[in-house]
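Pasted below: input-v5.cif, mmCIF, C-alpha atoms; chains and numbers go by the auth columns.
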```cif
data_protein
loop_
_atom_site.group_PDB
_atom_site.id
_atom_site.type_symbol
_atom_site.label_atom_id
_atom_site.label_comp_id
_atom_site.label_asym_id
_atom_site.label_seq_id
_atom_site.Cartn_x
_atom_site.Cartn_y
_atom_site.Cartn_z
_atom_site.B_iso_or_equiv
_atom_site.auth_seq_id
_atom_site.auth_asym_id
ATOM 1 C CA MET A 1 -1.299 5.416 -15.438 0.00 1 J
ATOM 2 C CA LYS A 2 -1.492 2.017 -17.101 0.00 2 J
ATOM 3 C CA ILE A 3 -4.925 1.121 -18.465 0.00 3 J
ATOM 4 C CA LYS A 4 -5.576 -2.315 -19.863 0.00 4 J
ATOM 5 C CA LEU A 5 -8.922 -3.027 -21.481 0.00 5 J
ATOM 6 C CA LEU A 6 -9.994 -6.572 -22.177 0.00 6 J
ATOM 7 C CA SER A 7 -13.263 -7.439 -23.921 0.00 7 J
ATOM 8 C CA ALA A 8 -14.445 -11.025 -24.210 0.00 8 J
ATOM 9 C CA LEU A 9 -17.309 -11.564 -26.640 0.00 9 J
ATOM 10 C CA SER A 10 -18.673 -15.036 -27.408 0.00 10 J
ATOM 11 C CA LEU A 11 -19.612 -15.200 -31.040 0.00 11 J
ATOM 12 C CA VAL A 12 -20.607 -18.090 -33.292 0.00 12 J
ATOM 13 C CA THR A 13 -20.426 -17.612 -37.025 0.00 13 J
ATOM 14 C CA LEU A 14 -22.765 -19.827 -39.079 0.00 14 J
ATOM 15 C CA MET A 15 -21.781 -20.419 -42.674 0.00 15 J
ATOM 16 C CA GLY A 16 -24.310 -21.482 -45.321 0.00 16 J
ATOM 17 C CA CYS A 17 -25.649 -20.847 -48.777 0.00 17 J
ATOM 18 C CA GLY A 18 -26.167 -17.232 -49.590 0.00 18 J
ATOM 19 C CA GLY A 19 -23.748 -15.767 -47.006 0.00 19 J
ATOM 20 C CA SER A 20 -23.057 -15.741 -43.246 0.00 20 J
ATOM 21 C CA SER A 21 -24.701 -14.609 -40.025 0.00 21 J
ATOM 22 C CA THR A 22 -23.379 -13.932 -36.511 0.00 22 J
ATOM 23 C CA GLU A 23 -25.143 -15.123 -33.353 0.00 23 J
ATOM 24 C CA ASN A 24 -24.396 -13.361 -30.044 0.00 24 J
ATOM 25 C CA LEU A 25 -24.714 -15.950 -27.293 0.00 25 J
ATOM 26 C CA GLY A 26 -25.055 -13.236 -24.651 0.00 26 J
ATOM 27 C CA ASN A 27 -21.836 -14.048 -22.784 0.00 27 J
ATOM 28 C CA VAL A 28 -20.501 -10.520 -22.942 0.00 28 J
ATOM 29 C CA SER A 29 -18.084 -9.380 -20.247 0.00 29 J
ATOM 30 C CA ASP A 30 -16.114 -6.142 -20.175 0.00 30 J
ATOM 31 C CA SER A 31 -13.122 -6.313 -17.846 0.00 31 J
ATOM 32 C CA LEU A 32 -11.176 -3.167 -17.037 0.00 32 J
ATOM 33 C CA THR A 33 -7.987 -3.029 -14.957 0.00 33 J
ATOM 34 C CA LYS A 34 -6.553 0.322 -13.873 0.00 34 J
ATOM 35 C CA THR A 35 -3.188 0.741 -12.187 0.00 35 J
ATOM 36 C CA ALA A 36 -1.084 3.749 -11.264 0.00 36 J
ATOM 37 C CA GLU A 37 2.502 3.268 -10.051 0.00 37 J
ATOM 38 C CA GLY A 38 4.182 5.941 -7.963 0.00 38 J
ATOM 39 C CA TYR A 39 7.612 4.358 -7.578 0.00 39 J
ATOM 40 C CA SER A 40 10.678 3.795 -9.746 0.00 40 J
ATOM 41 C CA LYS A 41 10.587 0.834 -12.129 0.00 41 J
ATOM 42 C CA GLU A 42 14.314 0.415 -11.452 0.00 42 J
ATOM 43 C CA ILE A 43 13.621 -1.075 -8.002 0.00 43 J
ATOM 44 C CA THR A 44 14.429 -4.774 -8.323 0.00 44 J
ATOM 45 C CA ASP A 45 14.815 -5.921 -4.692 0.00 45 J
ATOM 46 C CA TRP A 46 11.558 -5.093 -2.937 0.00 46 J
ATOM 47 C CA PHE A 47 8.663 -6.218 -0.805 0.00 47 J
ATOM 48 C CA ASP A 48 5.053 -5.138 -1.261 0.00 48 J
ATOM 49 C CA ILE A 49 2.237 -4.863 1.242 0.00 49 J
ATOM 50 C CA GLU A 50 -1.059 -5.120 -0.633 0.00 50 J
ATOM 51 C CA ILE A 51 -4.004 -3.614 1.247 0.00 51 J
ATOM 52 C CA GLY A 52 -7.358 -4.701 -0.149 0.00 52 J
ATOM 53 C CA LEU A 53 -10.385 -2.469 0.429 0.00 53 J
ATOM 54 C CA TYR A 54 -14.076 -3.305 0.632 0.00 54 J
ATOM 55 C CA HIS A 55 -15.099 0.025 -0.908 0.00 55 J
ATOM 56 C CA PRO A 56 -13.759 2.371 -3.625 0.00 56 J
ATOM 57 C CA LEU A 57 -10.626 4.252 -2.713 0.00 57 J
ATOM 58 C CA GLN A 58 -10.960 7.943 -1.920 0.00 58 J
ATOM 59 C CA GLU A 59 -8.411 9.121 -4.476 0.00 59 J
ATOM 60 C CA PRO A 60 -7.638 12.590 -3.043 0.00 60 J
ATOM 61 C CA ILE A 61 -5.314 11.979 -0.103 0.00 61 J
ATOM 62 C CA HIS A 62 -6.076 15.141 1.880 0.00 62 J
ATOM 63 C CA GLN A 63 -4.966 14.181 5.416 0.00 63 J
ATOM 64 C CA SER A 64 -5.274 10.416 4.897 0.00 64 J
ATOM 65 C CA ASN A 65 -2.416 8.044 5.510 0.00 65 J
ATOM 66 C CA ILE A 66 -1.414 4.428 5.992 0.00 66 J
ATOM 67 C CA GLU A 67 0.940 3.407 8.787 0.00 67 J
ATOM 68 C CA MET A 68 2.507 -0.044 8.691 0.00 68 J
ATOM 69 C CA THR A 69 4.515 -0.988 11.778 0.00 69 J
ATOM 70 C CA PHE A 70 6.762 -4.072 11.651 0.00 70 J
ATOM 71 C CA ASP A 71 7.786 -5.831 14.857 0.00 71 J
ATOM 72 C CA VAL A 72 11.050 -7.063 13.344 0.00 72 J
ATOM 73 C CA ASN A 73 12.444 -8.457 16.598 0.00 73 J
ATOM 74 C CA GLN A 74 9.061 -10.068 17.372 0.00 74 J
ATOM 75 C CA ASN A 75 8.807 -8.996 20.999 0.00 75 J
ATOM 76 C CA GLY A 76 5.364 -7.380 20.819 0.00 76 J
ATOM 77 C CA LEU A 77 6.716 -3.828 21.123 0.00 77 J
ATOM 78 C CA PHE A 78 7.766 -1.067 18.734 0.00 78 J
ATOM 79 C CA ASP A 79 11.351 -0.674 19.865 0.00 79 J
ATOM 80 C CA ASP A 80 14.980 -0.847 18.755 0.00 80 J
ATOM 81 C CA GLY A 81 15.394 -2.242 15.229 0.00 81 J
ATOM 82 C CA ASP A 82 11.710 -2.114 14.294 0.00 82 J
ATOM 83 C CA ILE A 83 10.412 -0.432 11.131 0.00 83 J
ATOM 84 C CA ARG A 84 7.453 1.832 10.380 0.00 84 J
ATOM 85 C CA ILE A 85 6.310 2.892 6.892 0.00 85 J
ATOM 86 C CA ILE A 86 4.027 5.893 6.419 0.00 86 J
ATOM 87 C CA ALA A 87 2.344 6.580 3.071 0.00 87 J
ATOM 88 C CA GLY A 88 -0.125 9.288 2.112 0.00 88 J
ATOM 89 C CA ASN A 89 -0.043 12.572 4.000 0.00 89 J
ATOM 90 C CA ALA A 90 2.651 12.157 6.629 0.00 90 J
ATOM 91 C CA SER A 91 2.428 15.717 7.918 0.00 91 J
ATOM 92 C CA ASP A 92 -1.354 16.168 8.372 0.00 92 J
ATOM 93 C CA SER A 93 -1.100 19.497 6.563 0.00 93 J
ATOM 94 C CA PHE A 94 -1.490 20.997 3.074 0.00 94 J
ATOM 95 C CA THR A 95 -4.695 19.026 2.621 0.00 95 J
ATOM 96 C CA ASP A 96 -5.664 20.704 -0.657 0.00 96 J
ATOM 97 C CA ILE A 97 -2.301 20.099 -2.319 0.00 97 J
ATOM 98 C CA ILE A 98 -1.995 16.311 -2.185 0.00 98 J
ATOM 99 C CA SER A 99 -4.413 14.761 -4.651 0.00 99 J
ATOM 100 C CA SER A 100 -3.207 11.344 -5.809 0.00 100 J
ATOM 101 C CA TRP A 101 -2.096 8.305 -3.820 0.00 101 J
ATOM 102 C CA ALA A 102 0.187 7.032 -6.580 0.00 102 J
ATOM 103 C CA TYR A 103 1.805 10.278 -7.647 0.00 103 J
ATOM 104 C CA ASN A 104 1.525 12.757 -4.768 0.00 104 J
ATOM 105 C CA ALA A 105 1.841 10.651 -1.624 0.00 105 J
ATOM 106 C CA ASP A 106 4.560 11.069 0.958 0.00 106 J
ATOM 107 C CA TYR A 107 6.534 7.840 1.448 0.00 107 J
ATOM 108 C CA LEU A 108 8.546 7.541 4.641 0.00 108 J
ATOM 109 C CA VAL A 109 10.454 4.619 6.120 0.00 109 J
ATOM 110 C CA GLN A 110 11.290 5.022 9.794 0.00 110 J
ATOM 111 C CA LEU A 111 13.883 3.072 11.759 0.00 111 J
ATOM 112 C CA ASN A 112 13.619 2.844 15.533 0.00 112 J
ATOM 113 C CA SER A 113 17.257 3.131 16.590 0.00 113 J
ATOM 114 C CA ASN A 114 17.653 3.026 20.370 0.00 114 J
ATOM 115 C CA ASN A 115 14.218 4.684 20.721 0.00 115 J
ATOM 116 C CA THR A 116 15.184 7.476 18.326 0.00 116 J
ATOM 117 C CA MET A 117 13.118 7.665 15.139 0.00 117 J
ATOM 118 C CA ILE A 118 15.360 7.954 12.066 0.00 118 J
ATOM 119 C CA THR A 119 13.304 8.877 9.010 0.00 119 J
ATOM 120 C CA PHE A 120 14.218 8.150 5.403 0.00 120 J
ATOM 121 C CA ARG A 121 12.229 9.655 2.525 0.00 121 J
ATOM 122 C CA GLU A 122 12.453 10.744 -1.074 0.00 122 J
ATOM 123 C CA MET A 123 12.461 14.412 -2.009 0.00 123 J
ATOM 124 C CA SER A 124 8.793 14.314 -3.009 0.00 124 J
ATOM 125 C CA GLY A 125 5.380 14.903 -1.493 0.00 125 J
ATOM 126 C CA VAL A 126 5.043 17.451 1.298 0.00 126 J
ATOM 127 C CA ILE A 127 8.501 18.105 2.786 0.00 127 J
ATOM 128 C CA ILE A 128 8.628 19.008 6.478 0.00 128 J
ATOM 129 C CA GLY A 129 12.216 19.450 7.656 0.00 129 J
ATOM 130 C CA SER A 130 13.614 17.493 10.582 0.00 130 J
ATOM 131 C CA SER A 131 17.073 16.926 12.002 0.00 131 J
ATOM 132 C CA ASN A 132 16.460 13.170 11.875 0.00 132 J
ATOM 133 C CA THR A 133 15.179 13.110 8.276 0.00 133 J
ATOM 134 C CA ASN A 134 17.436 11.669 5.579 0.00 134 J
ATOM 135 C CA TYR A 135 16.654 12.035 1.864 0.00 135 J
ATOM 136 C CA ILE A 136 17.294 9.072 -0.386 0.00 136 J
ATOM 137 C CA SER A 137 16.322 8.088 -3.927 0.00 137 J
ATOM 138 C CA GLN A 138 14.259 5.053 -4.992 0.00 138 J
ATOM 139 C CA LEU A 139 13.029 4.391 -1.479 0.00 139 J
ATOM 140 C CA GLY A 140 9.635 3.132 -2.615 0.00 140 J
ATOM 141 C CA GLY A 141 6.113 4.378 -3.199 0.00 141 J
ATOM 142 C CA VAL A 142 2.429 3.656 -3.714 0.00 142 J
ATOM 143 C CA LYS A 143 0.558 1.802 -6.426 0.00 143 J
ATOM 144 C CA THR A 144 -3.225 1.775 -6.821 0.00 144 J
ATOM 145 C CA TYR A 145 -5.126 -1.104 -8.442 0.00 145 J
ATOM 146 C CA GLN A 146 -8.743 -1.377 -9.547 0.00 146 J
ATOM 147 C CA HIS A 147 -10.509 -4.178 -11.368 0.00 147 J
ATOM 148 C CA LEU A 148 -13.986 -3.640 -12.817 0.00 148 J
ATOM 149 C CA VAL A 149 -16.300 -6.074 -14.576 0.00 149 J
ATOM 150 C CA ASN A 150 -19.239 -4.568 -16.449 0.00 150 J
ATOM 151 C CA ASP A 151 -18.559 -1.244 -14.707 0.00 151 J
ATOM 152 C CA GLN A 152 -18.799 -2.902 -11.276 0.00 152 J
ATOM 153 C CA LEU A 153 -15.769 -2.646 -8.979 0.00 153 J
ATOM 154 C CA THR A 154 -14.688 -6.187 -8.076 0.00 154 J
ATOM 155 C CA GLU A 155 -11.262 -5.541 -6.540 0.00 155 J
ATOM 156 C CA GLN A 156 -9.522 -2.501 -5.045 0.00 156 J
ATOM 157 C CA LYS A 157 -5.983 -2.326 -3.597 0.00 157 J
ATOM 158 C CA ILE A 158 -3.418 0.116 -2.310 0.00 158 J
ATOM 159 C CA ILE A 159 0.043 -1.419 -2.728 0.00 159 J
ATOM 160 C CA LEU A 160 3.066 -0.095 -0.853 0.00 160 J
ATOM 161 C CA ARG A 161 6.443 -1.068 -2.340 0.00 161 J
ATOM 162 C CA THR A 162 9.647 -0.709 -0.312 0.00 162 J
ATOM 163 C CA ASN A 163 13.157 -0.966 -1.728 0.00 163 J
ATOM 164 C CA ARG A 164 15.525 -3.283 0.190 0.00 164 J
ATOM 165 C CA SER A 165 18.683 -2.343 -1.746 0.00 165 J
ATOM 166 C CA LEU A 166 19.428 1.313 -1.112 0.00 166 J
ATOM 167 C CA SER A 167 22.653 3.108 -1.869 0.00 167 J
ATOM 168 C CA GLY A 168 24.304 6.039 -0.151 0.00 168 J
ATOM 169 C CA SER A 169 26.390 7.026 2.835 0.00 169 J
ATOM 170 C CA LEU A 170 23.635 8.270 5.107 0.00 170 J
ATOM 171 C CA PRO A 171 23.833 7.495 8.822 0.00 171 J
ATOM 172 C CA GLN A 172 22.016 4.289 9.856 0.00 172 J
ATOM 173 C CA LEU A 173 21.433 3.295 6.190 0.00 173 J
ATOM 174 C CA ASP A 174 23.180 -0.063 6.610 0.00 174 J
ATOM 175 C CA GLN A 175 21.106 -0.775 9.723 0.00 175 J
ATOM 176 C CA LEU A 176 17.920 0.171 7.872 0.00 176 J
ATOM 177 C CA MET A 177 18.666 -2.226 5.002 0.00 177 J
ATOM 178 C CA GLN A 178 19.583 -4.986 7.419 0.00 178 J
ATOM 179 C CA GLN A 179 16.227 -4.659 9.200 0.00 179 J
ATOM 180 C CA LEU A 180 14.252 -4.332 5.944 0.00 180 J
ATOM 181 C CA ARG A 181 15.736 -7.603 4.700 0.00 181 J
ATOM 182 C CA LEU A 182 14.504 -9.363 7.839 0.00 182 J
ATOM 183 C CA ILE A 183 10.878 -8.520 7.003 0.00 183 J
ATOM 184 C CA ASP A 184 8.931 -11.367 5.444 0.00 184 J
ATOM 185 C CA ALA A 185 5.431 -12.821 5.505 0.00 185 J
ATOM 186 C CA ASN A 186 5.934 -14.049 9.086 0.00 186 J
ATOM 187 C CA THR A 187 6.953 -10.670 10.524 0.00 187 J
ATOM 188 C CA PRO A 188 4.302 -9.410 12.991 0.00 188 J
ATOM 189 C CA MET A 189 2.844 -6.115 11.826 0.00 189 J
ATOM 190 C CA ASN A 190 0.101 -3.600 12.453 0.00 190 J
ATOM 191 C CA VAL A 191 -1.690 -1.692 9.681 0.00 191 J
ATOM 192 C CA ALA A 192 -3.644 1.521 10.261 0.00 192 J
ATOM 193 C CA LEU A 193 -5.597 3.340 7.547 0.00 193 J
ATOM 194 C CA THR A 194 -7.174 6.673 8.439 0.00 194 J
ATOM 195 C CA ASP A 195 -8.808 9.503 6.510 0.00 195 J
ATOM 196 C CA GLY A 196 -7.219 11.987 8.919 0.00 196 J
ATOM 197 C CA LEU A 197 -10.196 14.306 9.277 0.00 197 J
ATOM 198 C CA THR A 198 -11.096 16.008 12.566 0.00 198 J
ATOM 199 C CA ASP A 199 -13.621 13.259 13.222 0.00 199 J
ATOM 200 C CA ALA A 200 -11.308 10.643 11.714 0.00 200 J
ATOM 201 C CA SER A 201 -12.449 7.337 10.253 0.00 201 J
ATOM 202 C CA SER A 202 -9.948 4.519 10.746 0.00 202 J
ATOM 203 C CA ASP A 203 -9.462 0.797 10.381 0.00 203 J
ATOM 204 C CA TYR A 204 -6.741 -1.370 11.914 0.00 204 J
ATOM 205 C CA VAL A 205 -5.386 -4.835 11.262 0.00 205 J
ATOM 206 C CA PRO A 206 -5.604 -6.593 13.578 0.00 206 J
ATOM 207 C CA GLU A 207 -6.519 -3.785 16.035 0.00 207 J
ATOM 208 C CA PRO A 208 -4.907 -0.686 17.579 0.00 208 J
ATOM 209 C CA GLY A 209 -1.598 -1.418 19.281 0.00 209 J
ATOM 210 C CA VAL A 210 -1.686 -5.142 18.447 0.00 210 J
ATOM 211 C CA PHE A 211 0.615 -7.004 16.051 0.00 211 J
ATOM 212 C CA THR A 212 -0.482 -9.868 13.828 0.00 212 J
ATOM 213 C CA GLN A 213 0.170 -13.392 15.037 0.00 213 J
ATOM 214 C CA GLN A 214 -0.173 -15.260 11.742 0.00 214 J
ATOM 215 C CA PRO A 215 1.578 -15.004 8.363 0.00 215 J
ATOM 216 C CA ILE A 216 0.713 -11.797 6.505 0.00 216 J
ATOM 217 C CA LEU A 217 -0.072 -13.882 3.412 0.00 217 J
ATOM 218 C CA SER A 218 -3.290 -15.066 5.057 0.00 218 J
ATOM 219 C CA LEU A 219 -4.694 -11.885 6.627 0.00 219 J
ATOM 220 C CA GLN A 220 -8.373 -11.142 6.096 0.00 220 J
ATOM 221 C CA ASP A 221 -10.212 -8.361 7.940 0.00 221 J
ATOM 222 C CA ASN A 222 -13.901 -8.194 8.819 0.00 222 J
ATOM 223 C CA GLN A 223 -16.154 -5.857 6.871 0.00 223 J
ATOM 224 C CA ASN A 224 -17.613 -2.784 8.594 0.00 224 J
ATOM 225 C CA ASP A 225 -15.237 -2.967 11.554 0.00 225 J
ATOM 226 C CA TYR A 226 -13.907 0.548 10.938 0.00 226 J
ATOM 227 C CA THR A 227 -14.649 3.540 13.142 0.00 227 J
ATOM 228 C CA GLY A 228 -16.121 6.821 11.908 0.00 228 J
ATOM 229 C CA ASN A 229 -18.386 7.648 8.971 0.00 229 J
ATOM 230 C CA ASN A 230 -16.190 7.199 5.881 0.00 230 J
ATOM 231 C CA GLN A 231 -16.445 3.585 4.762 0.00 231 J
ATOM 232 C CA TRP A 232 -13.652 3.757 2.181 0.00 232 J
ATOM 233 C CA VAL A 233 -11.091 3.092 4.965 0.00 233 J
ATOM 234 C CA ASP A 234 -12.591 -0.378 5.590 0.00 234 J
ATOM 235 C CA ILE A 235 -9.679 -2.836 5.089 0.00 235 J
ATOM 236 C CA LYS A 236 -10.531 -6.176 3.488 0.00 236 J
ATOM 237 C CA SER A 237 -7.157 -7.923 3.400 0.00 237 J
ATOM 238 C CA VAL A 238 -3.417 -7.523 3.876 0.00 238 J
ATOM 239 C CA HIS A 239 -1.003 -9.477 1.698 0.00 239 J
ATOM 240 C CA PHE A 240 2.798 -9.728 1.584 0.00 240 J
ATOM 241 C CA ILE A 241 4.742 -10.371 -1.622 0.00 241 J
ATOM 242 C CA SER A 242 8.404 -9.864 -2.491 0.00 242 J
ATOM 243 C CA SER A 243 10.712 -9.882 -5.490 0.00 243 J
ATOM 244 C CA THR A 244 12.436 -12.975 -4.133 0.00 244 J
ATOM 245 C CA GLY A 245 9.214 -14.954 -3.684 0.00 245 J
ATOM 246 C CA GLU A 246 9.564 -15.223 0.096 0.00 246 J
#
```
As C-alpha cells, please, write out the structure in this file.
Amino acid sequence: MKIKLLSALSLVTLMGCGGSSTENLGNVSDSLTKTAEGYSKEITDWFDIEIGLYHPLQEPIHQSNIEMTFDVNQNGLFDDGDIRIIAGNASDSFTDIISSWAYNADYLVQLNSNNTMITFREMSGVIIGSSNTNYISQLGGVKTYQHLVNDQLTEQKIILRTNRSLSGSLPQLDQLMQQLRLIDANTPMNVALTDGLTDASSDYVPEPGVFTQQPILSLQDNQNDYTGNNQWVDIKSVHFISSTGE
C-alpha cells in the first residue's frame, strides 16, 4: 500500500527585538491519500476504468464484484468480438477468504468468440477450473484510491487496469488483444457493481442491459439510484484513461 501524507500549515514568523514568535493563521488542512495497487508495475500498455463511489468502499470483497461489458462492435448487443471484465469475487463462493479488492480480487477478461465465452485470468484469487479458462500473466488488476481532508472522505475510487500487450501462445490471445486495443473512451459499455449477497445491492451505469451512448470520459451517475440496502455500491462516476492518452 502506498500512503502519502501531506500537511499544509500556514505560519507567519514575526521577527523583532528580544526574539521571535509564530502566529498560526488557522488555515490548517491535513490531506491524506491512500492507494493500493493489485497489478504488476511492469504493465506499460493499458487502459483504466475508474469507478467513483459516493460512499466508502466496503473493503472485504466477500461475494461482491464489478462487471464491465464493452460493446466493441457497437451494435447494442453482447456478441462476437465483445469484451467483459469481471473483478472482485468472480465465483460467488469462498466469501470469507477474499478480503481485499487490491490484493485478493479475481481479475478475469472474457472474450465473446462466436457466442462462446473464452476466459483469461491470472493464477490468483479464487481459482475455479473451466475448459475455456486460460491462465496468463500480467493481465491486469484492481487499484483502490481514497482521498481524505481533515479525516473526511472527499474522493473514493475503484480502478480496474487491463493490459493490452499480452504475450503467450494461448488460443484466441491475438483476437483478445485486437479487441482490447479497439476499446477507447467512445466504446459503449455497461458497468454493474453488486455486493453479491442473497438480497443483493447493485448499481448500474447506465442501467441493466443498456450500453452507454456518450464518451466514457464524461459519465456521471445519479446518487441513491442503487437497489438494495447497502449504499456503498452507489456509483458516482465512470472514467476512461489509457497509457496512450486516448
Could you work out how far CA of Ser113 in chain J lies from CA of Arg164 in chain J, giving the answer in Å with one decimal?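 Taking CA of Arg164 in chain J as the start and CA of Ser113 in chain J as the end point, the length is 17.7 Å.
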Nearest residue to Ala102 in chain J from the set J:Ile66, J:Ala36, J:Met123, J:Leu160 (distances using all atoms listed in the file):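 Residue with the minimum atom-to-atom distance to Ala102 in chain J: J:Ala36.
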Long-range neighbours of range 166-176 of chain J as a PyMOL selection string, 8 Å cut-off, only C-alpha atoms, 3 positions minimum in chain: chain J and resi 111+118+134+136-139+163+179-180
Which value, in Å to one decimal, gives the distance between CA of Lys41 in chain J and CA of Ser243 in chain J?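 About the pair CA of Lys41 in chain J and CA of Ser243 in chain J: they are 12.6 Å apart.
Using only C-alpha atoms for every distance, the candidate list J:Ile43, J:Leu217, J:Ile159, J:Met117 yields J:Leu217 as the residue closest to Thr187 in chain J.
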Evaluate the PyMOL selection byres ((chain J and resi 85) around 7) on the structure here and hand back the selected residues as a list in words. Glu67, Met68, Thr69, Ile83, Arg84, Ile86, Ala87, Leu108, Val109 and Gln110 of chain J
Residue IDs satisfying the PyMOL selection byres ((chain J and resi 194-211) around 9), as an mmCIF file with C-alpha atoms, in the frame of the given file:
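Output (out-v6.cif):
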```
data_model
loop_
_atom_site.group_PDB
_atom_site.id
_atom_site.type_symbol
_atom_site.label_atom_id
_atom_site.label_comp_id
_atom_site.auth_asym_id
_atom_site.auth_seq_id
_atom_site.Cartn_x
_atom_site.Cartn_y
_atom_site.Cartn_z
ATOM 1 C CA GLN J 58 -10.960 7.943 -1.920
ATOM 2 C CA ILE J 61 -5.314 11.979 -0.103
ATOM 3 C CA HIS J 62 -6.076 15.141 1.880
ATOM 4 C CA GLN J 63 -4.966 14.181 5.416
ATOM 5 C CA SER J 64 -5.274 10.416 4.897
ATOM 6 C CA ASN J 65 -2.416 8.044 5.510
ATOM 7 C CA ILE J 66 -1.414 4.428 5.992
ATOM 8 C CA GLU J 67 0.940 3.407 8.787
ATOM 9 C CA THR J 69 4.515 -0.988 11.778
ATOM 10 C CA PHE J 70 6.762 -4.072 11.651
ATOM 11 C CA ASP J 71 7.786 -5.831 14.857
ATOM 12 C CA GLY J 76 5.364 -7.380 20.819
ATOM 13 C CA LEU J 77 6.716 -3.828 21.123
ATOM 14 C CA ASN J 89 -0.043 12.572 4.000
ATOM 15 C CA ASP J 92 -1.354 16.168 8.372
ATOM 16 C CA PRO J 188 4.302 -9.410 12.991
ATOM 17 C CA MET J 189 2.844 -6.115 11.826
ATOM 18 C CA ASN J 190 0.101 -3.600 12.453
ATOM 19 C CA VAL J 191 -1.690 -1.692 9.681
ATOM 20 C CA ALA J 192 -3.644 1.521 10.261
ATOM 21 C CA LEU J 193 -5.597 3.340 7.547
ATOM 22 C CA THR J 212 -0.482 -9.868 13.828
ATOM 23 C CA GLN J 213 0.170 -13.392 15.037
ATOM 24 C CA LEU J 219 -4.694 -11.885 6.627
ATOM 25 C CA GLN J 220 -8.373 -11.142 6.096
ATOM 26 C CA ASP J 221 -10.212 -8.361 7.940
ATOM 27 C CA ASP J 225 -15.237 -2.967 11.554
ATOM 28 C CA TYR J 226 -13.907 0.548 10.938
ATOM 29 C CA THR J 227 -14.649 3.540 13.142
ATOM 30 C CA GLY J 228 -16.121 6.821 11.908
ATOM 31 C CA ASN J 229 -18.386 7.648 8.971
ATOM 32 C CA ASN J 230 -16.190 7.199 5.881
ATOM 33 C CA GLN J 231 -16.445 3.585 4.762
ATOM 34 C CA TRP J 232 -13.652 3.757 2.181
ATOM 35 C CA VAL J 233 -11.091 3.092 4.965
ATOM 36 C CA ASP J 234 -12.591 -0.378 5.590
ATOM 37 C CA ILE J 235 -9.679 -2.836 5.089
ATOM 38 C CA SER J 237 -7.157 -7.923 3.400
ATOM 39 C CA VAL J 238 -3.417 -7.523 3.876
#
```
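For range 150-156 of chain J, the set of protein, DNA and RNA residues having any atom at most 8 Å away, when counting all atoms listed in the file and skipping those fewer than 3 positions along the same chain, is Ser29, Asp30, Ser31, Leu32, Gly52, Leu53, Tyr54, His55, Pro56, Leu57, Thr144, Tyr145, Gln146 and His147 of chain J.
CA of Val72 in chain J sits 10.5 Å away from CA of Asn112 in chain J.
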Using only C-alpha atoms - which residues lie no farther than 6 Å from the point (17.2, 10.3, 6.2) in the file's frame? Write them as a CSV table (one decimal) with C-alpha atoms, keeping the file's coordinate frame.
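Dumped to out29.csv:
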```csv
chain,number,residue,atom,x,y,z
J,119,THR,CA,13.3,8.9,9.0
J,120,PHE,CA,14.2,8.2,5.4
J,133,THR,CA,15.2,13.1,8.3
J,134,ASN,CA,17.4,11.7,5.6
J,135,TYR,CA,16.7,12.0,1.9
```
Please determine the residues with any atom at most 9 Å from (9.1, -11.7, -4.8) (coordinates as given in the file, with only C-alpha atoms counting) and report them as a ChimeraX atom specification. /J:45-48,241-246
Report as AutoDock Vina command-line options the centre and the edge lengths, in Å to one decimal, of the axis-aligned box holding every listed atom of range 228-246 of chain J, padded by 8 Å on each side.
```
--center_x -3.0 --center_y -3.8 --center_z 3.2 --size_x 46.8 --size_y 38.9 --size_z 33.4
```
Residue members of the PyMOL selection byres ((chain J and resi 215) around 6) in the file shown, as a list in words: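 What the PyMOL selection byres ((chain J and resi 215) around 6) grabs from the file is Ala185, Asn186, Gln214, Ile216, Leu217 and Ser218 of chain J.
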With all atoms listed in the file as the atoms that count, which of J:Thr162, J:Thr33, J:Ser40, J:Ser99 lies nearest to Phe240 in chain J? J:Thr162
Once N, CA and C atoms are restored for range 201-210 of chain J, what would the output be as an mmCIF file, in the coordinates of the input?
```cif
data_model
loop_
_atom_site.group_PDB
_atom_site.id
_atom_site.type_symbol
_atom_site.label_atom_id
_atom_site.label_comp_id
_atom_site.auth_asym_id
_atom_site.auth_seq_id
_atom_site.Cartn_x
_atom_site.Cartn_y
_atom_site.Cartn_z
ATOM 1 N N SER J 201 -12.040 8.718 10.447
ATOM 2 C CA SER J 201 -12.449 7.337 10.253
ATOM 3 C C SER J 201 -11.193 6.497 10.097
ATOM 4 N N SER J 202 -11.158 5.345 10.753
ATOM 5 C CA SER J 202 -9.948 4.519 10.746
ATOM 6 C C SER J 202 -10.305 3.045 10.754
ATOM 7 N N ASP J 203 -9.364 2.245 10.246
ATOM 8 C CA ASP J 203 -9.462 0.797 10.381
ATOM 9 C C ASP J 203 -8.060 0.266 10.677
ATOM 10 N N TYR J 204 -8.012 -0.792 11.490
ATOM 11 C CA TYR J 204 -6.741 -1.370 11.914
ATOM 12 C C TYR J 204 -6.751 -2.867 11.662
ATOM 13 N N VAL J 205 -5.577 -3.389 11.341
ATOM 14 C CA VAL J 205 -5.386 -4.835 11.262
ATOM 15 C C VAL J 205 -4.162 -5.176 12.117
ATOM 16 N N PRO J 206 -4.320 -6.022 13.173
ATOM 17 C CA PRO J 206 -5.604 -6.593 13.578
ATOM 18 C C PRO J 206 -6.460 -5.630 14.409
ATOM 19 N N GLU J 207 -5.822 -4.797 15.250
ATOM 20 C CA GLU J 207 -6.519 -3.785 16.035
ATOM 21 C C GLU J 207 -5.479 -2.821 16.585
ATOM 22 N N PRO J 208 -5.901 -1.672 17.120
ATOM 23 C CA PRO J 208 -4.907 -0.686 17.579
ATOM 24 C C PRO J 208 -3.926 -1.261 18.591
ATOM 25 N N GLY J 209 -2.623 -1.020 18.343
ATOM 26 C CA GLY J 209 -1.598 -1.418 19.281
ATOM 27 C C GLY J 209 -1.297 -2.896 19.350
ATOM 28 N N VAL J 210 -1.870 -3.685 18.428
ATOM 29 C CA VAL J 210 -1.686 -5.142 18.447
ATOM 30 C C VAL J 210 -1.035 -5.581 17.140
#
```
